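Heads up: the structure comes next, in structure tokens.
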Amino acid sequence: MRHLSVPRQETQQILSQLKAEFALPQGARVQPDPSDSKRTLIPVKEGAESELLSRYPVVHAEPLTPSPRTYRDHLNSFLSDLEIASIEWPTRHEFVGDLILIKLDSKQREYGEIIGQAMLMQHARTRAVFEDRGVVGEYRVRDLNLLAVRDGFDSTTRTQIIESGHQLWTDPSTVYYSARLSREREGTLECAKNLRDMLNRSISVCDPYAGVGPSLAPLVNEPGLLSNLFASDLNPAAVELLRENISASYAEIECTDARTLHERNELCGKFDLLLVNIPHDTLEHLPHLLPLLNDGGTVRGWAVIEEEDLQAAREVLANTLGKSVEIEVRRSYSATANLCRFESKIHH
Ligand SMILES: C[S@@+](CC[C@H](N)C(=O)[O-])C[C@H]1O[C@@H](n2cnc3c(N)ncnc32)[C@H](O)[C@@H]1O
């Protein structure tokens, strides 16, 4: 293939010009000029015209093969072109720490192991690939099926994720965690800081649906923000990871049904901030939880609400909180429902 031999420092500028002239071949890769270490070779499309062809030496060189861009570019290590063309390959997958989770239809499932191996070839930092067969049970965990694991590594689903700079252990097969809510958790940190500034002291926080603790990691890592933290979850596997993730000396962590906490005198009226994140049940659970707040404390909650039920939800919330509250639509949850958020001060 034709290549221009150009001084190394002019490479970017010449690449841009060739691109603008549609003279760069698809997947073009620059390579060092073997005859002069101060020059690079840039491929030029066959038949393309450019005044650059008369300004710089034109040499013939083997083009570098384009680097694979997706796992699909590795399928030819396992399958014939005919087989590859006969399947609609999945185009979306999710990274959770060093795992990949992917949804497959029945035809794609026949090639699950090959898809897993091709993904390991494409993603060097991935340890194992699992088919995600959907969310199951009251703890909303994933039903996972191993497709491929990197040689010499284990196939556990326990993995470490990083959210807003904080490392957290999670396990998609035993606990709920979704990176999609990370913006909400940034908002919780802002809310907690505002409360601290308003009260002019560190604050007490209760997170009774804490999962593995993604809302709490930013709070405990903010110096002087918290004086007291009660975090719990009904799922024992989540509580085990929560204990590893949140190690502040003042943190009390329990495996408990949130709806029973108000029966404990030592917890009632103790908190400045209460998080209610059980989106399918928040409105029903809320009356059990409000006694945990002190007079003037803030509740911050999330609820999945069908669009047609929004007005009814406003009324339920107003009855529970004793005043009308804005329900903010945060993101769409399904074709007809949204994930919504509310925040309110409570006076007993
Ligand atoms: C939507 S997740 C939220 C987890 C976490 N706050 C987060 O943002 O990732 C809801 C959590 O509530 C827990 N859960 C379900 N029912 C519960 C109950 N009755 N009491 C306490 N926790 C419960 C589930 O195990 C799950 O971890």
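Chain lettering (A, B, ...) mirrors the order of the structure tokens, residue numbering begins at 1 for each chain separately, and ligand numbering begins at 1 in order of display.
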Worksheet entry | Test item: residues at most 9 Å from His262 of chain A, only C-alpha atoms, excluding those fewer than 4 positions along its chain, as a list in words | Ala258, Leu267, Cys268, His288, Leu289, Leu290, Pro291 and Leu292 of chain A
Mind writing the picked residues with N, CA and C atoms as a tab-separated table (two decimals), in the first residue's frame?
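Output contents, as saved in again.tsv:
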```tsv
chain	number	residue	atom	x	y	z
A	258	ALA	N	-35.71	-3.00	57.48
A	258	ALA	CA	-35.78	-1.56	57.78
A	258	ALA	C	-37.10	-1.19	58.48
A	267	LEU	N	-32.84	4.15	68.43
A	267	LEU	CA	-32.67	4.68	67.07
A	267	LEU	C	-33.66	5.79	66.74
A	268	CYS	N	-34.77	5.87	67.48
A	268	CYS	CA	-35.82	6.85	67.14
A	268	CYS	C	-35.37	8.28	67.45
A	288	HIS	N	-42.91	3.80	58.24
A	288	HIS	CA	-42.18	3.06	59.28
A	288	HIS	C	-40.85	3.73	59.62
A	289	LEU	N	-40.37	4.53	58.69
A	289	LEU	CA	-38.99	5.03	58.82
A	289	LEU	C	-38.89	6.44	59.40
A	290	LEU	N	-39.94	7.24	59.19
A	290	LEU	CA	-39.85	8.65	59.59
A	290	LEU	C	-39.56	8.85	61.08
A	291	PRO	N	-40.03	7.95	61.99
A	291	PRO	CA	-39.71	8.16	63.41
A	291	PRO	C	-38.21	8.15	63.70
A	292	LEU	N	-37.40	7.65	62.77
A	292	LEU	CA	-35.95	7.61	63.01
A	292	LEU	C	-35.33	9.01	62.93
```
Worksheet item: ligand 1: which residues are within 7 Å, counting only C-alpha atoms and all ligand atoms, as a ChimeraX atom specification?
Response: /A:138-140,175-178,181,208-215,232-235,238,256-259,277-279
Deliver the residues from the most recent selection as a file, using C-alpha atoms, as a PDB file, in the first residue's frame.
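So the final result, stored in again15.pdb, reads:
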```pdb
ATOM      1  CA  GLU A 138     -36.472  -9.713  46.748  1.00  0.00           C
ATOM      2  CA  TYR A 139     -32.818  -8.660  46.897  1.00  0.00           C
ATOM      3  CA  ARG A 140     -32.868  -7.876  43.140  1.00  0.00           C
ATOM      4  CA  VAL A 175     -26.222  -8.282  46.099  1.00  0.00           C
ATOM      5  CA  TYR A 176     -27.772  -5.318  44.332  1.00  0.00           C
ATOM      6  CA  TYR A 177     -25.452  -2.641  42.943  1.00  0.00           C
ATOM      7  CA  SER A 178     -25.982  -0.356  39.973  1.00  0.00           C
ATOM      8  CA  LEU A 181     -27.279   5.627  40.290  1.00  0.00           C
ATOM      9  CA  PRO A 208     -31.462   1.325  56.103  1.00  0.00           C
ATOM     10  CA  TYR A 209     -31.288  -0.021  52.503  1.00  0.00           C
ATOM     11  CA  ALA A 210     -27.532   0.463  52.212  1.00  0.00           C
ATOM     12  CA  GLY A 211     -26.683  -2.426  49.871  1.00  0.00           C
ATOM     13  CA  VAL A 212     -22.868  -2.613  49.671  1.00  0.00           C
ATOM     14  CA  GLY A 213     -22.610   1.044  50.715  1.00  0.00           C
ATOM     15  CA  PRO A 214     -22.136   3.134  47.544  1.00  0.00           C
ATOM     16  CA  SER A 215     -24.063   6.093  49.019  1.00  0.00           C
ATOM     17  CA  SER A 232     -28.342  -1.811  57.357  1.00  0.00           C
ATOM     18  CA  ASP A 233     -29.799  -4.109  54.727  1.00  0.00           C
ATOM     19  CA  LEU A 234     -32.005  -7.187  54.810  1.00  0.00           C
ATOM     20  CA  ASN A 235     -29.679  -9.159  52.527  1.00  0.00           C
ATOM     21  CA  ALA A 238     -24.895  -7.230  51.171  1.00  0.00           C
ATOM     22  CA  THR A 256     -32.243  -5.988  59.629  1.00  0.00           C
ATOM     23  CA  ASP A 257     -35.615  -5.359  58.044  1.00  0.00           C
ATOM     24  CA  ALA A 258     -35.784  -1.560  57.780  1.00  0.00           C
ATOM     25  CA  ARG A 259     -39.477  -1.583  58.718  1.00  0.00           C
ATOM     26  CA  ASN A 277     -33.635   3.751  48.561  1.00  0.00           C
ATOM     27  CA  ILE A 278     -35.961   0.840  47.927  1.00  0.00           C
ATOM     28  CA  PRO A 279     -37.536   2.350  44.816  1.00  0.00           C
TER      29      PRO A 279
END
```
Practice prompt. May I have the residues within 12 Å of segment 53-62 of chain A as a PyMOL selection string, using only C-alpha atoms and disregarding those fewer than 2 positions away in the same chain?
Written response: chain A and resi 1-7+10-11+14+17-18+23+28-35+39-51+64-66
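Here the question is which of A:Cys206, A:Val129, A:Ile100, A:Ile346 gets nearest to Gly322 of chain A using only C-alpha atoms, and that residue is A:Ile346.
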Discussion item. Would you compute the distance between atom CA of Tyr250 of chain A and atom CA of Val220 of chain A? Give it in Å to one decimal.
Written reply: 9.6 Å
Practice prompt. Could you pull out the residues in segment 37-171 of chain A that DSSP calls strand (DSSP E) from the backbone, as an NGL selection string?
Written response: :A and (39-43 or 58-60 or 94-96 or 99-102 or 128-136 or 141-149 or 159-163 or 166-170)
Selection to disk with C-alpha atoms, as an mmCIF file, in the first residue's frame:
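Written file, again-v2.cif:
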```cif
data_model
loop_
_atom_site.group_PDB
_atom_site.id
_atom_site.type_symbol
_atom_site.label_atom_id
_atom_site.label_comp_id
_atom_site.auth_asym_id
_atom_site.auth_seq_id
_atom_site.Cartn_x
_atom_site.Cartn_y
_atom_site.Cartn_z
ATOM 1 C CA ARG A 39 10.133 9.798 10.026
ATOM 2 C CA THR A 40 6.787 7.948 10.065
ATOM 3 C CA LEU A 41 4.822 6.190 7.308
ATOM 4 C CA ILE A 42 1.176 7.224 6.792
ATOM 5 C CA PRO A 43 -1.010 5.062 4.517
ATOM 6 C CA VAL A 58 5.771 7.965 -1.456
ATOM 7 C CA VAL A 59 6.929 4.469 -0.446
ATOM 8 C CA HIS A 60 5.273 1.075 -0.641
ATOM 9 C CA GLU A 94 -21.863 -4.210 31.082
ATOM 10 C CA PHE A 95 -18.564 -3.988 32.944
ATOM 11 C CA VAL A 96 -18.758 -4.620 36.712
ATOM 12 C CA LEU A 99 -16.328 -8.910 35.131
ATOM 13 C CA ILE A 100 -18.382 -8.531 31.962
ATOM 14 C CA LEU A 101 -22.133 -9.274 32.094
ATOM 15 C CA ILE A 102 -23.950 -9.819 28.818
ATOM 16 C CA ALA A 128 -14.482 -13.513 33.615
ATOM 17 C CA VAL A 129 -17.541 -13.146 31.394
ATOM 18 C CA PHE A 130 -21.056 -14.115 32.526
ATOM 19 C CA GLU A 131 -24.403 -14.343 30.826
ATOM 20 C CA ASP A 132 -26.842 -12.067 32.679
ATOM 21 C CA ARG A 133 -30.170 -13.919 32.825
ATOM 22 C CA GLY A 134 -31.998 -11.077 34.560
ATOM 23 C CA VAL A 135 -32.818 -9.757 38.029
ATOM 24 C CA VAL A 136 -34.296 -12.217 40.540
ATOM 25 C CA VAL A 141 -29.693 -9.830 42.328
ATOM 26 C CA ARG A 142 -28.572 -11.155 38.915
ATOM 27 C CA ASP A 143 -28.942 -14.725 37.738
ATOM 28 C CA LEU A 144 -25.467 -15.278 36.215
ATOM 29 C CA ASN A 145 -24.062 -18.106 34.130
ATOM 30 C CA LEU A 146 -20.309 -18.376 33.534
ATOM 31 C CA LEU A 147 -19.310 -18.142 29.846
ATOM 32 C CA ALA A 148 -15.518 -17.837 30.093
ATOM 33 C CA VAL A 149 -12.770 -17.198 32.629
ATOM 34 C CA THR A 159 -15.400 -8.096 42.333
ATOM 35 C CA GLN A 160 -14.203 -4.603 43.230
ATOM 36 C CA ILE A 161 -15.671 -1.552 41.507
ATOM 37 C CA ILE A 162 -14.565 2.082 41.693
ATOM 38 C CA GLU A 163 -17.229 4.753 42.061
ATOM 39 C CA HIS A 166 -14.006 4.945 46.119
ATOM 40 C CA GLN A 167 -13.263 1.216 45.915
ATOM 41 C CA LEU A 168 -16.162 -1.050 46.840
ATOM 42 C CA TRP A 169 -16.583 -4.820 46.902
ATOM 43 C CA THR A 170 -19.716 -6.083 45.241
#
```
